[in-house]
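Colleague: Structure supplied as model_32.csv; contents: CSV, C-alpha atoms and all ligand atoms.
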chain,number,residue,atom,x,y,z
A,9,MET,CA,0.3,25.9,2.8
A,10,GLU,CA,-1.8,24.6,-0.1
A,11,HIS,CA,0.8,22.5,-1.9
A,12,PRO,CA,3.8,21.2,0.1
A,13,GLN,CA,7.2,20.4,-1.3
A,14,ILE,CA,7.0,16.6,-1.6
A,15,THR,CA,10.1,14.4,-2.0
A,16,PHE,CA,10.1,10.8,-3.0
A,17,ILE,CA,13.1,8.6,-2.1
A,18,GLY,CA,13.0,5.7,-4.5
A,19,ALA,CA,11.3,6.2,-7.9
A,20,GLY,CA,9.9,2.7,-8.4
A,21,ASN,CA,6.4,1.3,-8.9
A,22,MET,CA,4.8,2.8,-5.8
A,23,ALA,CA,6.4,6.2,-6.1
A,24,SER,CA,5.3,6.5,-9.8
A,25,SER,CA,1.7,5.5,-9.0
A,26,ILE,CA,1.5,8.0,-6.1
A,27,ILE,CA,3.1,10.8,-8.2
A,28,GLY,CA,0.6,10.1,-11.0
A,29,GLY,CA,-2.3,10.3,-8.6
A,30,LEU,CA,-1.0,13.5,-7.0
A,31,VAL,CA,-0.5,15.3,-10.3
A,32,GLU,CA,-4.0,14.3,-11.4
A,33,SER,CA,-5.4,15.6,-8.2
A,34,GLY,CA,-3.8,19.0,-8.7
A,35,GLN,CA,-0.4,18.9,-7.0
A,36,PRO,CA,2.0,21.0,-9.2
A,37,ALA,CA,4.8,18.8,-10.7
A,38,ASP,CA,7.4,21.5,-9.8
A,39,ARG,CA,6.6,20.9,-6.1
A,40,ILE,CA,7.4,17.2,-6.5
A,41,HIS,CA,10.9,15.9,-6.2
A,42,ALA,CA,12.3,12.3,-6.6
A,43,ALA,CA,15.6,10.7,-6.0
A,44,ASP,CA,16.8,7.3,-7.3
A,45,PRO,CA,20.2,5.8,-8.2
A,46,PHE,CA,18.7,4.3,-11.3
A,47,PRO,CA,18.5,6.9,-14.2
A,48,GLN,CA,15.8,4.9,-16.1
A,49,SER,CA,13.5,5.1,-13.1
A,50,LEU,CA,13.8,8.9,-13.1
A,51,GLU,CA,13.3,9.0,-16.8
A,52,ARG,CA,10.1,7.0,-16.5
A,53,LEU,CA,8.9,9.4,-13.8
A,54,ARG,CA,9.5,12.4,-16.1
A,55,GLU,CA,7.3,10.7,-18.7
A,56,ILE,CA,4.4,10.9,-16.2
A,57,ALA,CA,5.0,14.5,-15.2
A,58,PRO,CA,7.8,17.1,-15.3
A,59,VAL,CA,8.9,16.5,-11.7
A,60,ASN,CA,12.4,17.5,-10.3
A,61,THR,CA,14.7,14.5,-10.3
A,62,TYR,CA,18.0,13.8,-8.4
A,63,ASP,CA,20.6,11.1,-8.2
A,64,ASP,CA,21.4,12.4,-4.7
A,65,ASN,CA,18.9,11.7,-1.8
A,66,THR,CA,20.2,14.6,0.4
A,67,ALA,CA,19.8,17.2,-2.4
A,68,ALA,CA,16.2,16.0,-2.9
A,69,VAL,CA,15.3,16.2,0.8
A,70,THR,CA,16.7,19.7,1.3
A,71,GLY,CA,13.8,22.1,1.7
A,72,ALA,CA,11.1,19.3,1.6
A,73,ASP,CA,7.9,19.6,3.7
A,74,VAL,CA,7.2,15.9,3.2
A,75,VAL,CA,9.6,13.0,2.5
A,76,ILE,CA,8.2,9.7,1.3
A,77,LEU,CA,10.4,6.7,1.7
A,78,ALA,CA,9.4,4.4,-1.2
A,79,VAL,CA,12.4,2.1,-1.2
A,80,LYS,CA,12.5,-1.6,-0.3
A,81,PRO,CA,12.7,-2.4,3.5
A,82,GLN,CA,16.2,-3.8,3.1
A,83,VAL,CA,17.8,-0.5,2.2
A,84,MET,CA,15.7,1.6,4.6
A,85,ALA,CA,18.4,1.9,7.3
A,86,ASP,CA,21.0,3.2,4.9
A,87,VAL,CA,18.6,5.6,3.2
A,88,CYS,CA,17.4,7.0,6.6
A,89,THR,CA,20.8,7.6,8.1
A,90,GLY,CA,21.9,9.2,4.8
A,91,ILE,CA,19.0,11.8,4.8
A,92,ALA,CA,18.7,12.3,8.6
A,93,GLU,CA,20.5,15.6,8.7
A,94,ALA,CA,18.8,17.2,5.7
A,95,ALA,CA,15.3,15.9,6.9
A,96,GLN,CA,15.9,17.4,10.4
A,97,ALA,CA,17.1,20.7,8.9
A,98,SER,CA,13.9,20.9,6.8
A,99,GLY,CA,11.6,19.8,9.7
A,100,ALA,CA,10.0,17.5,7.2
A,101,LEU,CA,7.3,14.9,7.9
A,102,VAL,CA,8.7,11.5,6.9
A,103,ILE,CA,6.2,9.0,5.5
A,104,SER,CA,7.3,5.3,5.1
A,105,ILE,CA,5.4,2.9,2.9
A,106,ALA,CA,7.8,0.0,3.6
A,107,ALA,CA,6.5,-3.2,5.1
A,108,GLY,CA,7.9,-4.1,8.5
A,109,ILE,CA,9.9,-1.0,9.3
A,110,THR,CA,8.8,0.3,12.8
A,111,ILE,CA,8.6,3.9,13.9
A,112,ALA,CA,11.2,3.1,16.6
A,113,SER,CA,13.7,2.0,14.0
A,114,MET,CA,13.1,5.1,11.9
A,115,ARG,CA,13.4,7.4,14.9
A,116,ARG,CA,16.7,5.8,15.7
A,117,TRP,CA,18.0,6.3,12.1
A,118,LEU,CA,16.3,9.8,11.5
A,119,GLY,CA,16.5,11.4,15.0
A,120,GLU,CA,14.1,11.0,18.0
A,121,ARG,CA,12.1,14.1,17.3
A,122,THR,CA,11.2,13.3,13.6
A,123,ALA,CA,7.5,13.4,12.7
A,124,ILE,CA,6.8,10.0,11.1
A,125,VAL,CA,3.8,8.5,9.5
A,126,ARG,CA,4.1,4.7,8.8
A,127,CYS,CA,1.7,3.3,6.1
A,128,MET,CA,0.7,0.0,4.8
A,129,PRO,CA,-0.5,0.4,1.2
A,130,ASN,CA,-1.5,-2.4,-1.1
A,131,THR,CA,-0.8,-3.1,-4.8
A,132,PRO,CA,-4.1,-2.0,-6.2
A,133,ALA,CA,-2.7,1.5,-5.4
A,134,LEU,CA,-0.9,1.0,-8.8
A,135,LEU,CA,-4.3,1.4,-10.4
A,136,GLY,CA,-5.5,4.2,-8.1
A,137,CYS,CA,-7.8,1.9,-6.1
A,138,GLY,CA,-5.6,1.0,-3.2
A,139,ALA,CA,-6.4,0.7,0.5
A,140,THR,CA,-3.9,2.2,2.9
A,141,GLY,CA,-3.7,2.0,6.7
A,142,LEU,CA,-1.7,4.8,8.4
A,143,TYR,CA,-0.3,5.5,11.8
A,144,ALA,CA,1.3,8.7,13.0
A,145,ASN,CA,3.7,9.3,15.9
A,146,GLU,CA,3.2,12.0,18.5
A,147,GLN,CA,5.4,14.5,16.6
A,148,VAL,CA,3.0,14.6,13.6
A,149,SER,CA,0.9,17.8,13.5
A,150,GLN,CA,-2.7,18.1,12.1
A,151,GLN,CA,-1.4,19.7,9.0
A,152,GLN,CA,1.1,16.9,8.4
A,153,ARG,CA,-1.7,14.3,8.9
A,154,ASP,CA,-3.6,16.2,6.2
A,155,PHE,CA,-0.6,16.0,3.9
A,156,ALA,CA,-0.3,12.2,4.4
A,157,ASP,CA,-4.1,11.9,3.8
A,158,THR,CA,-3.9,13.8,0.5
A,159,ILE,CA,-0.8,11.9,-0.7
A,160,LEU,CA,-1.9,8.3,0.0
A,161,GLY,CA,-5.5,9.4,-0.8
A,162,ALA,CA,-4.3,10.1,-4.4
A,163,VAL,CA,-4.1,6.3,-5.0
A,164,GLY,CA,-7.1,5.0,-3.0
A,165,ILE,CA,-8.8,5.1,0.4
A,166,VAL,CA,-6.9,5.9,3.6
A,167,ARG,CA,-7.8,4.8,7.1
A,168,TRP,CA,-5.9,5.9,10.2
A,169,VAL,CA,-5.2,3.4,13.1
A,170,GLU,CA,-4.6,4.4,16.7
A,171,ARG,CA,-1.9,2.0,17.6
A,172,GLU,CA,1.2,1.1,15.5
A,173,ALA,CA,0.5,-2.6,16.2
A,174,ASP,CA,-2.8,-2.3,14.3
A,175,LEU,CA,-0.7,-2.0,11.2
A,176,ASP,CA,0.0,-5.7,11.5
A,177,ALA,CA,-3.7,-6.3,11.2
A,178,VAL,CA,-3.9,-3.9,8.3
A,179,THR,CA,-1.1,-5.8,6.7
A,180,ALA,CA,-2.9,-9.1,7.2
A,181,LEU,CA,-6.1,-7.7,5.8
A,182,SER,CA,-5.6,-5.2,3.0
A,183,GLY,CA,-1.8,-5.4,2.5
A,184,SER,CA,-1.7,-9.1,1.7
A,185,GLY,CA,-5.4,-9.2,0.9
A,186,PRO,CA,-5.2,-8.9,-2.9
A,187,ALA,CA,-3.4,-12.2,-2.9
A,188,TYR,CA,-6.2,-13.9,-1.1
A,189,PHE,CA,-8.7,-12.8,-3.7
A,190,PHE,CA,-6.3,-13.9,-6.5
A,191,LEU,CA,-6.0,-17.3,-4.9
A,192,PHE,CA,-9.8,-17.6,-4.6
A,193,MET,CA,-10.3,-16.6,-8.2
A,194,GLU,CA,-7.6,-19.1,-9.3
A,195,SER,CA,-9.4,-21.8,-7.4
A,196,MET,CA,-12.8,-20.9,-9.0
A,197,ILE,CA,-11.2,-20.9,-12.5
A,198,ASP,CA,-9.6,-24.3,-11.9
A,199,ALA,CA,-12.9,-25.7,-10.6
A,200,GLY,CA,-14.7,-24.3,-13.7
A,201,VAL,CA,-12.2,-25.9,-16.0
A,202,ALA,CA,-12.6,-29.2,-14.1
A,203,GLN,CA,-16.3,-29.0,-14.8
A,204,GLY,CA,-15.7,-28.7,-18.5
A,205,LEU,CA,-15.3,-24.9,-19.3
A,206,ASP,CA,-12.4,-23.8,-21.4
A,207,ARG,CA,-9.8,-21.8,-19.4
A,208,ASP,CA,-10.3,-18.5,-21.1
A,209,THR,CA,-14.1,-18.6,-20.6
A,210,ALA,CA,-13.7,-19.7,-17.0
A,211,THR,CA,-11.1,-16.9,-16.4
A,212,GLU,CA,-13.3,-14.1,-17.9
A,213,LEU,CA,-16.4,-15.3,-15.9
A,214,ALA,CA,-14.5,-15.5,-12.6
A,215,LEU,CA,-12.8,-12.1,-12.9
A,216,GLN,CA,-15.9,-10.3,-14.0
A,217,THR,CA,-17.8,-12.0,-11.1
A,218,GLY,CA,-15.1,-10.7,-8.7
A,219,LEU,CA,-15.4,-7.2,-10.1
A,220,GLY,CA,-19.2,-7.3,-10.0
A,221,ALA,CA,-19.4,-8.6,-6.5
A,222,ALA,CA,-16.9,-6.0,-5.2
A,223,ARG,CA,-18.9,-3.2,-6.9
A,224,MET,CA,-22.2,-4.4,-5.5
A,225,ALA,CA,-20.7,-4.5,-2.0
A,226,LEU,CA,-19.3,-1.0,-2.4
A,227,GLU,CA,-22.2,0.6,-4.2
A,228,ASN,CA,-25.1,-0.8,-2.2
A,229,ASP,CA,-26.4,0.3,1.1
A,230,VAL,CA,-27.2,-3.2,2.1
A,231,ASP,CA,-24.6,-5.3,4.0
A,232,LEU,CA,-22.7,-8.4,2.8
A,233,VAL,CA,-25.0,-10.9,4.5
A,234,GLU,CA,-28.1,-9.4,2.8
A,235,LEU,CA,-26.3,-9.3,-0.6
A,236,ARG,CA,-25.4,-13.0,-0.1
A,237,ARG,CA,-29.0,-13.8,0.9
A,238,ARG,CA,-30.2,-12.2,-2.3
A,239,VAL,CA,-28.1,-14.6,-4.5
A,240,THR,CA,-29.0,-17.6,-2.4
A,241,SER,CA,-32.3,-19.1,-3.5
A,242,PRO,CA,-33.6,-21.4,-0.8
A,243,GLY,CA,-32.6,-25.0,-1.7
A,244,GLY,CA,-30.8,-23.8,-4.7
A,245,THR,CA,-27.2,-23.9,-6.1
A,246,THR,CA,-25.7,-21.1,-4.0
A,247,GLN,CA,-27.0,-22.7,-0.8
A,248,ALA,CA,-25.4,-26.0,-1.8
A,249,ALA,CA,-22.0,-24.3,-2.4
A,250,VAL,CA,-22.1,-22.0,0.8
A,251,GLU,CA,-23.0,-25.0,3.0
A,252,SER,CA,-20.0,-26.9,1.5
A,253,PHE,CA,-17.7,-23.9,2.3
A,254,GLU,CA,-19.1,-23.6,5.9
A,255,ALA,CA,-18.9,-27.3,6.6
A,256,ARG,CA,-15.2,-27.3,5.5
A,257,GLY,CA,-14.4,-24.4,7.8
A,258,LEU,CA,-13.8,-21.5,5.3
A,259,ARG,CA,-14.2,-18.9,8.0
A,260,GLN,CA,-11.7,-20.6,10.3
A,261,GLN,CA,-9.3,-20.9,7.5
A,262,VAL,CA,-9.5,-17.2,6.8
A,263,THR,CA,-9.0,-16.4,10.5
A,264,ASP,CA,-6.0,-18.7,10.7
A,265,ALA,CA,-4.4,-17.3,7.5
A,266,MET,CA,-4.8,-13.7,8.7
A,267,ALA,CA,-3.4,-14.6,12.1
A,268,ALA,CA,-0.3,-16.1,10.4
A,269,ALA,CA,0.1,-13.0,8.3
A,270,ALA,CA,-0.1,-10.7,11.3
A,271,ALA,CA,2.3,-12.8,13.3
A,272,ARG,CA,4.7,-12.8,10.4
A,273,ALA,CA,4.4,-9.0,10.1
A,274,GLU,CA,5.4,-8.7,13.8
A,275,THR,CA,8.3,-11.0,13.4
A,276,MET,CA,9.5,-9.2,10.3
A,277,ALA,CA,9.5,-5.9,12.1
A,278,LYS,CA,11.7,-7.4,14.8
A,279,GLU,CA,14.1,-8.9,12.2
A,280,MET,CA,14.4,-5.6,10.3
A,281,GLY,CA,14.6,-3.3,13.3
B,301,LIG,N1,1.8,-3.7,0.9
B,301,LIG,C1,2.2,-3.9,-0.3
B,301,LIG,O1,1.7,-4.8,-1.0
B,301,LIG,C2,3.0,-3.0,-0.9
B,301,LIG,C3,4.1,-2.4,-0.2
B,301,LIG,N2,5.0,-1.6,-0.8
B,301,LIG,C4,6.2,-1.1,-0.2
B,301,LIG,O2,6.6,0.0,-1.0
B,301,LIG,C5,8.0,0.1,-1.0
B,301,LIG,C6,8.4,0.4,-2.5
B,301,LIG,O3,8.0,-0.7,-3.3
B,301,LIG,P1,8.1,-0.6,-4.9
B,301,LIG,O4,7.8,0.7,-5.4
B,301,LIG,O5,7.3,-1.8,-5.4
B,301,LIG,O6,9.6,-0.9,-5.1
B,301,LIG,P2,10.6,-0.7,-6.4
B,301,LIG,O7,11.7,-1.6,-6.3
B,301,LIG,O8,9.8,-0.6,-7.6
B,301,LIG,O9,11.1,0.8,-6.1
B,301,LIG,C7,12.1,1.1,-5.2
B,301,LIG,C8,13.1,2.1,-5.9
B,301,LIG,O10,14.0,2.6,-4.9
B,301,LIG,C9,15.3,2.6,-5.6
B,301,LIG,N3,16.4,2.6,-4.6
B,301,LIG,C10,17.1,1.6,-4.1
B,301,LIG,N4,18.1,2.0,-3.3
B,301,LIG,C11,17.9,3.4,-3.2
B,301,LIG,C12,18.5,4.4,-2.4
B,301,LIG,N5,19.6,4.1,-1.6
B,301,LIG,N6,18.1,5.7,-2.6
B,301,LIG,C13,17.0,6.0,-3.4
B,301,LIG,N7,16.4,5.0,-4.1
B,301,LIG,C14,16.8,3.8,-4.0
B,301,LIG,C15,15.3,1.4,-6.4
B,301,LIG,O11,16.3,1.5,-7.4
B,301,LIG,P3,17.0,0.1,-8.0
B,301,LIG,O12,15.9,-0.5,-8.8
B,301,LIG,O13,18.1,0.6,-8.8
B,301,LIG,O14,17.4,-0.7,-6.8
B,301,LIG,C16,13.8,1.4,-7.0
B,301,LIG,O15,13.8,2.2,-8.2
B,301,LIG,C17,8.6,-1.2,-0.5
B,301,LIG,O16,9.1,-0.9,0.8
B,301,LIG,C18,7.4,-2.1,-0.3
B,301,LIG,O17,7.5,-2.8,0.9
B,301,LIG,C19,4.8,-1.4,-2.2
B,301,LIG,C20,3.8,-1.9,-2.9
B,301,LIG,C21,2.7,-2.6,-2.2
B,302,LIG,O1,4.0,-10.1,1.6
B,302,LIG,C1,4.5,-9.1,2.1
B,302,LIG,O2,5.3,-9.3,3.1
B,302,LIG,C2,4.1,-7.7,1.7
B,302,LIG,C3,3.5,-6.9,2.8
B,302,LIG,C4,2.0,-6.8,2.4
B,302,LIG,C5,2.0,-7.2,1.0
B,302,LIG,N1,3.2,-7.7,0.7
In structure tokens, how does this file's structure come out?
Ligand SMILES: NC(=O)C1=CN([C@@H]2O[C@H](COP(=O)(O)OP(=O)(O)OC[C@H]3O[C@@H](n4cnc5c(N)ncnc54)[C@H](OP(=O)(O)O)[C@@H]3O)[C@@H](O)[C@H]2O)C=CC1
Ligand SMILES: O=C(O)[C@@H]1CCC=N1
Modeller:
Amino acid sequence: MEHPQITFIGAGNMASSIIGGLVESGQPADRIHAADPFPQSLERLREIAPVNTYDDNTAAVTGADVVILAVKPQVMADVCTGIAEAAQASGALVISIAAGITIASMRRWLGERTAIVRCMPNTPALLGCGATGLYANEQVSQQQRDFADTILGAVGIVRWVEREADLDAVTALSGSGPAYFFLFMESMIDAGVAQGLDRDTATELALQTGLGAARMALENDVDLVELRRRVTSPGGTTQAAVESFEARGLRQQVTDAMAAAAARAETMAKEMG
């Protein structure tokens, strides 16, 4: 099957971005379906592409090959129990992009034999440059994995993990990660202002530096240590700054922060199950 029937439950930010990416990569709009109780969200979707829209989740799921749950975690239990019968009848793969909702919870709500892929995307997916970790349960076939790859791959890179628990590490790294870079850039801007730059100039220089550094790391064959070495003249300014970071334990701070994020992801999954 070249183009599956794909149904989105929830037509918010993430669904719109993924649908935009899918249509751009050749998925026919008439094989995309979306349900949402909020008519304006469906209207916004139709401005992106002439997809089929529904105010009833069950109607949207009937006949679907893939169902993408793009609603907030808080409404997931109700949404899943509401579509369970239709999803089972269609034999659909169910993909969840909600943080903290486990496969065990979804199987309980959707039926034990449901093929489920659980993902952790990140907000740069809204620009088509996301990074998504995915985990599949045993019921997921190779063809269904390929569907999930194509769908999340429409908004960035995708990486499969072998254990569901690894999604907590993915959450700590790439799920929450954009915020770490924002915090680092905020700090650089404030420091630049403290040294006498005006805020607009400091902001432009910091953001362009972040973009340039990320592109160099992505587009070069050399590793991060070597890239850093090339900026760091012996006895120069970068060495002075890096030694200050190392002396104040930057690496340990990052380790501790990501451990806190992963621990919180684990707790949230228990709270929401
Ligand atoms: N790792 C990360 O950083 C990210 C994770 N995510 C995950 O993606 C999911 C979606 O996020 P996002 O797109 O930003 O959320 P949005 O709030 O933009 O979209 C969710 C949509 O679902 C609709 N909705 C609410 N209840 C139902 C229902 N019963 N049936 C169908 N639709 C319903 C909402 O309508 P209404 O507005 O009327 O309530 C809204 O339009 C979340 O679970 C989030 O955790 C998303 C982005 C990044
Ligand atoms: O902060 C959070 O809990 C969610 C999960 C990853 C990004 N945002």
Colleague: Do you know which residues are at most 10 Å from Gln152 of chain A counting all atoms listed in the file, after dropping those on the same chain fewer than 4 positions away, and could you put them as number ranges by chain?
Modeller: A: 12, 73-74, 100-103, 123-125, 144, 147-148, 156-158
Colleague: Sort by chain and increasing residue number a table of all residues of chain A within 9 Å of ligand LIG 301 (chain B), each with its closest pair of atoms and their distance in Å to one decimal, counting all atoms listed in the file, and write it as JSON lines.
Modeller:
{"residue": "A:Phe16", "atom": "CA", "partner": "B:LIG301", "partner_atom": "C13", "distance": 8.4}
{"residue": "A:Ile17", "atom": "CA", "partner": "B:LIG301", "partner_atom": "C13", "distance": 4.9}
{"residue": "A:Gly18", "atom": "CA", "partner": "B:LIG301", "partner_atom": "O10", "distance": 3.3}
{"residue": "A:Ala19", "atom": "CA", "partner": "B:LIG301", "partner_atom": "O15", "distance": 4.7}
{"residue": "A:Gly20", "atom": "CA", "partner": "B:LIG301", "partner_atom": "O9", "distance": 3.2}
{"residue": "A:Asn21", "atom": "CA", "partner": "B:LIG301", "partner_atom": "O4", "distance": 3.8}
{"residue": "A:Met22", "atom": "CA", "partner": "B:LIG301", "partner_atom": "O4", "distance": 3.7}
{"residue": "A:Ala23", "atom": "CA", "partner": "B:LIG301", "partner_atom": "O4", "distance": 5.7}
{"residue": "A:Ser24", "atom": "CA", "partner": "B:LIG301", "partner_atom": "O4", "distance": 7.7}
{"residue": "A:Ser25", "atom": "CA", "partner": "B:LIG301", "partner_atom": "O4", "distance": 8.6}
{"residue": "A:Ala42", "atom": "CA", "partner": "B:LIG301", "partner_atom": "C13", "distance": 8.5}
{"residue": "A:Ala43", "atom": "CA", "partner": "B:LIG301", "partner_atom": "C13", "distance": 5.6}
{"residue": "A:Asp44", "atom": "CA", "partner": "B:LIG301", "partner_atom": "N7", "distance": 4.0}
{"residue": "A:Pro45", "atom": "CA", "partner": "B:LIG301", "partner_atom": "O13", "distance": 5.6}
{"residue": "A:Phe46", "atom": "CA", "partner": "B:LIG301", "partner_atom": "O13", "distance": 4.5}
{"residue": "A:Pro47", "atom": "CA", "partner": "B:LIG301", "partner_atom": "O13", "distance": 8.3}
{"residue": "A:Gln48", "atom": "CA", "partner": "B:LIG301", "partner_atom": "O15", "distance": 8.6}
{"residue": "A:Ser49", "atom": "CA", "partner": "B:LIG301", "partner_atom": "O15", "distance": 5.7}
{"residue": "A:Leu50", "atom": "CA", "partner": "B:LIG301", "partner_atom": "O15", "distance": 8.3}
{"residue": "A:Asp63", "atom": "CA", "partner": "B:LIG301", "partner_atom": "C13", "distance": 7.9}
{"residue": "A:Asp64", "atom": "CA", "partner": "B:LIG301", "partner_atom": "N6", "distance": 7.8}
{"residue": "A:Asn65", "atom": "CA", "partner": "B:LIG301", "partner_atom": "N6", "distance": 6.1}
{"residue": "A:Leu77", "atom": "CA", "partner": "B:LIG301", "partner_atom": "C5", "distance": 7.5}
{"residue": "A:Ala78", "atom": "CA", "partner": "B:LIG301", "partner_atom": "C6", "distance": 4.3}
{"residue": "A:Val79", "atom": "CA", "partner": "B:LIG301", "partner_atom": "O10", "distance": 4.1}
{"residue": "A:Lys80", "atom": "CA", "partner": "B:LIG301", "partner_atom": "O16", "distance": 3.6}
{"residue": "A:Pro81", "atom": "CA", "partner": "B:LIG301", "partner_atom": "O16", "distance": 4.7}
{"residue": "A:Gln82", "atom": "CA", "partner": "B:LIG301", "partner_atom": "O16", "distance": 8.0}
{"residue": "A:Val83", "atom": "CA", "partner": "B:LIG301", "partner_atom": "N4", "distance": 6.0}
{"residue": "A:Met84", "atom": "CA", "partner": "B:LIG301", "partner_atom": "N5", "distance": 7.7}
{"residue": "A:Asp86", "atom": "CA", "partner": "B:LIG301", "partner_atom": "N5", "distance": 6.7}
{"residue": "A:Val87", "atom": "CA", "partner": "B:LIG301", "partner_atom": "N5", "distance": 5.1}
{"residue": "A:Cys88", "atom": "CA", "partner": "B:LIG301", "partner_atom": "N5", "distance": 9.0}
{"residue": "A:Gly90", "atom": "CA", "partner": "B:LIG301", "partner_atom": "N5", "distance": 8.5}
{"residue": "A:Ser104", "atom": "CA", "partner": "B:LIG301", "partner_atom": "O16", "distance": 7.8}
{"residue": "A:Ile105", "atom": "CA", "partner": "B:LIG301", "partner_atom": "O2", "distance": 5.0}
{"residue": "A:Ala106", "atom": "CA", "partner": "B:LIG301", "partner_atom": "O16", "distance": 3.2}
{"residue": "A:Ala107", "atom": "CA", "partner": "B:LIG301", "partner_atom": "O17", "distance": 4.3}
{"residue": "A:Gly108", "atom": "CA", "partner": "B:LIG301", "partner_atom": "O17", "distance": 7.7}
{"residue": "A:Ile109", "atom": "CA", "partner": "B:LIG301", "partner_atom": "O16", "distance": 8.5}
{"residue": "A:Cys127", "atom": "CA", "partner": "B:LIG301", "partner_atom": "N1", "distance": 8.7}
{"residue": "A:Met128", "atom": "CA", "partner": "B:LIG301", "partner_atom": "N1", "distance": 5.5}
{"residue": "A:Pro129", "atom": "CA", "partner": "B:LIG301", "partner_atom": "N1", "distance": 4.7}
{"residue": "A:Asn130", "atom": "CA", "partner": "B:LIG301", "partner_atom": "O1", "distance": 4.0}
{"residue": "A:Thr131", "atom": "CA", "partner": "B:LIG301", "partner_atom": "C21", "distance": 4.4}
{"residue": "A:Pro132", "atom": "CA", "partner": "B:LIG301", "partner_atom": "C21", "distance": 7.9}
{"residue": "A:Ala133", "atom": "CA", "partner": "B:LIG301", "partner_atom": "C21", "distance": 7.5}
{"residue": "A:Leu134", "atom": "CA", "partner": "B:LIG301", "partner_atom": "C20", "distance": 8.1}
{"residue": "A:Thr140", "atom": "CA", "partner": "B:LIG301", "partner_atom": "N1", "distance": 8.4}
{"residue": "A:Thr179", "atom": "CA", "partner": "B:LIG301", "partner_atom": "N1", "distance": 6.8}
{"residue": "A:Ser182", "atom": "CA", "partner": "B:LIG301", "partner_atom": "N1", "distance": 7.8}
{"residue": "A:Gly183", "atom": "CA", "partner": "B:LIG301", "partner_atom": "N1", "distance": 4.3}
{"residue": "A:Ser184", "atom": "CA", "partner": "B:LIG301", "partner_atom": "O1", "distance": 6.1}
{"residue": "A:Gly185", "atom": "CA", "partner": "B:LIG301", "partner_atom": "O1", "distance": 8.6}
{"residue": "A:Pro186", "atom": "CA", "partner": "B:LIG301", "partner_atom": "O1", "distance": 8.2}
Colleague: Determine the nearest neighbour of ligand LIG 302 (chain B) from the options A:Val250, A:Val178, A:Leu226, A:Phe189, counting all atoms listed in the file.
Modeller: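 Among the listed residues, A:Val178 lies closest to ligand LIG 302 (chain B).
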Colleague: Rank A:Ala267, A:Leu175, A:Ile14, A:Ala249 by their smallest atom-to-atom distance to ligand LIG 302 (chain B), using all atoms listed in the file, and report the top residue only.
Modeller: A:Leu175
Colleague: With all atoms listed in the file as the atoms that count, which of A:Pro58, A:Gly71, A:Gly200, A:Gly141 lies nearest to ligand LIG 302 (chain B)?
Modeller: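 For ligand LIG 302 (chain B), the nearest of the candidates is A:Gly141.
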Colleague: Please indicate the distance in Å from atom CA of Val31 of chain A to atom CA of Ala222 of chain A, rounded to one decimal place.
Modeller: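 It comes out at 27.4 Å.
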Colleague: Between atom CA of Arg167 of chain A and atom CA of Met9 of chain A, what is the distance, to one decimal in Å?
Modeller: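 Between atom CA of Arg167 of chain A and atom CA of Met9 of chain A the gap is 23.0 Å.
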Colleague: Quick check, in Å to one decimal: how far apart do atom CA of Ala177 of chain A and atom CA of Arg256 of chain A lie?
Modeller: 24.6 Å
Colleague: Residues at most 10 Å from Ala85 of chain A, counting all atoms listed in the file, excluding those fewer than 5 positions away in the same chain, as a VMD selection string?
Modeller: chain A and resid 90 109 113 to 114 116 to 118 280 to 281
Colleague: Which one of A:Val262, A:Ala162, A:Ile91, A:Ala221 sits closest to Cys137 of chain A if you count all atoms listed in the file?
Modeller: A:Ala162
Colleague: Counting all atoms listed in the file, which of A:Met224, A:Ala139, A:Ala248, A:Ile40 gets nearest to ligand LIG 302 (chain B)?
Modeller: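 The closest residue to ligand LIG 302 (chain B) is A:Ala139.
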Colleague: Kindly output segment 213-221 of chain A as a compact mmCIF listing (two decimals), in the frame of the given file, after building N, CA and C atoms.
Modeller:
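Now in out_27.txt:
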# COMPACT_ATOMS: atom_id res chain seq x y z
N LEU A 213 -15.19 -15.23 -16.81
CA LEU A 213 -16.40 -15.30 -15.90
C LEU A 213 -15.99 -15.05 -14.47
N ALA A 214 -14.89 -15.66 -14.05
CA ALA A 214 -14.50 -15.50 -12.60
C ALA A 214 -14.06 -14.08 -12.34
N LEU A 215 -13.25 -13.47 -13.22
CA LEU A 215 -12.80 -12.10 -12.90
C LEU A 215 -13.90 -11.11 -12.95
N GLN A 216 -14.80 -11.24 -13.92
CA GLN A 216 -15.90 -10.30 -14.00
C GLN A 216 -16.84 -10.49 -12.76
N THR A 217 -16.95 -11.73 -12.29
CA THR A 217 -17.80 -12.00 -11.10
C THR A 217 -17.13 -11.32 -9.87
N GLY A 218 -15.80 -11.39 -9.78
CA GLY A 218 -15.10 -10.70 -8.70
C GLY A 218 -15.33 -9.22 -8.71
N LEU A 219 -15.18 -8.64 -9.90
CA LEU A 219 -15.40 -7.20 -10.10
C LEU A 219 -16.83 -6.83 -9.71
N GLY A 220 -17.78 -7.59 -10.25
CA GLY A 220 -19.20 -7.30 -10.00
C GLY A 220 -19.57 -7.40 -8.55
N ALA A 221 -19.05 -8.44 -7.89
CA ALA A 221 -19.40 -8.60 -6.50
C ALA A 221 -18.79 -7.48 -5.64
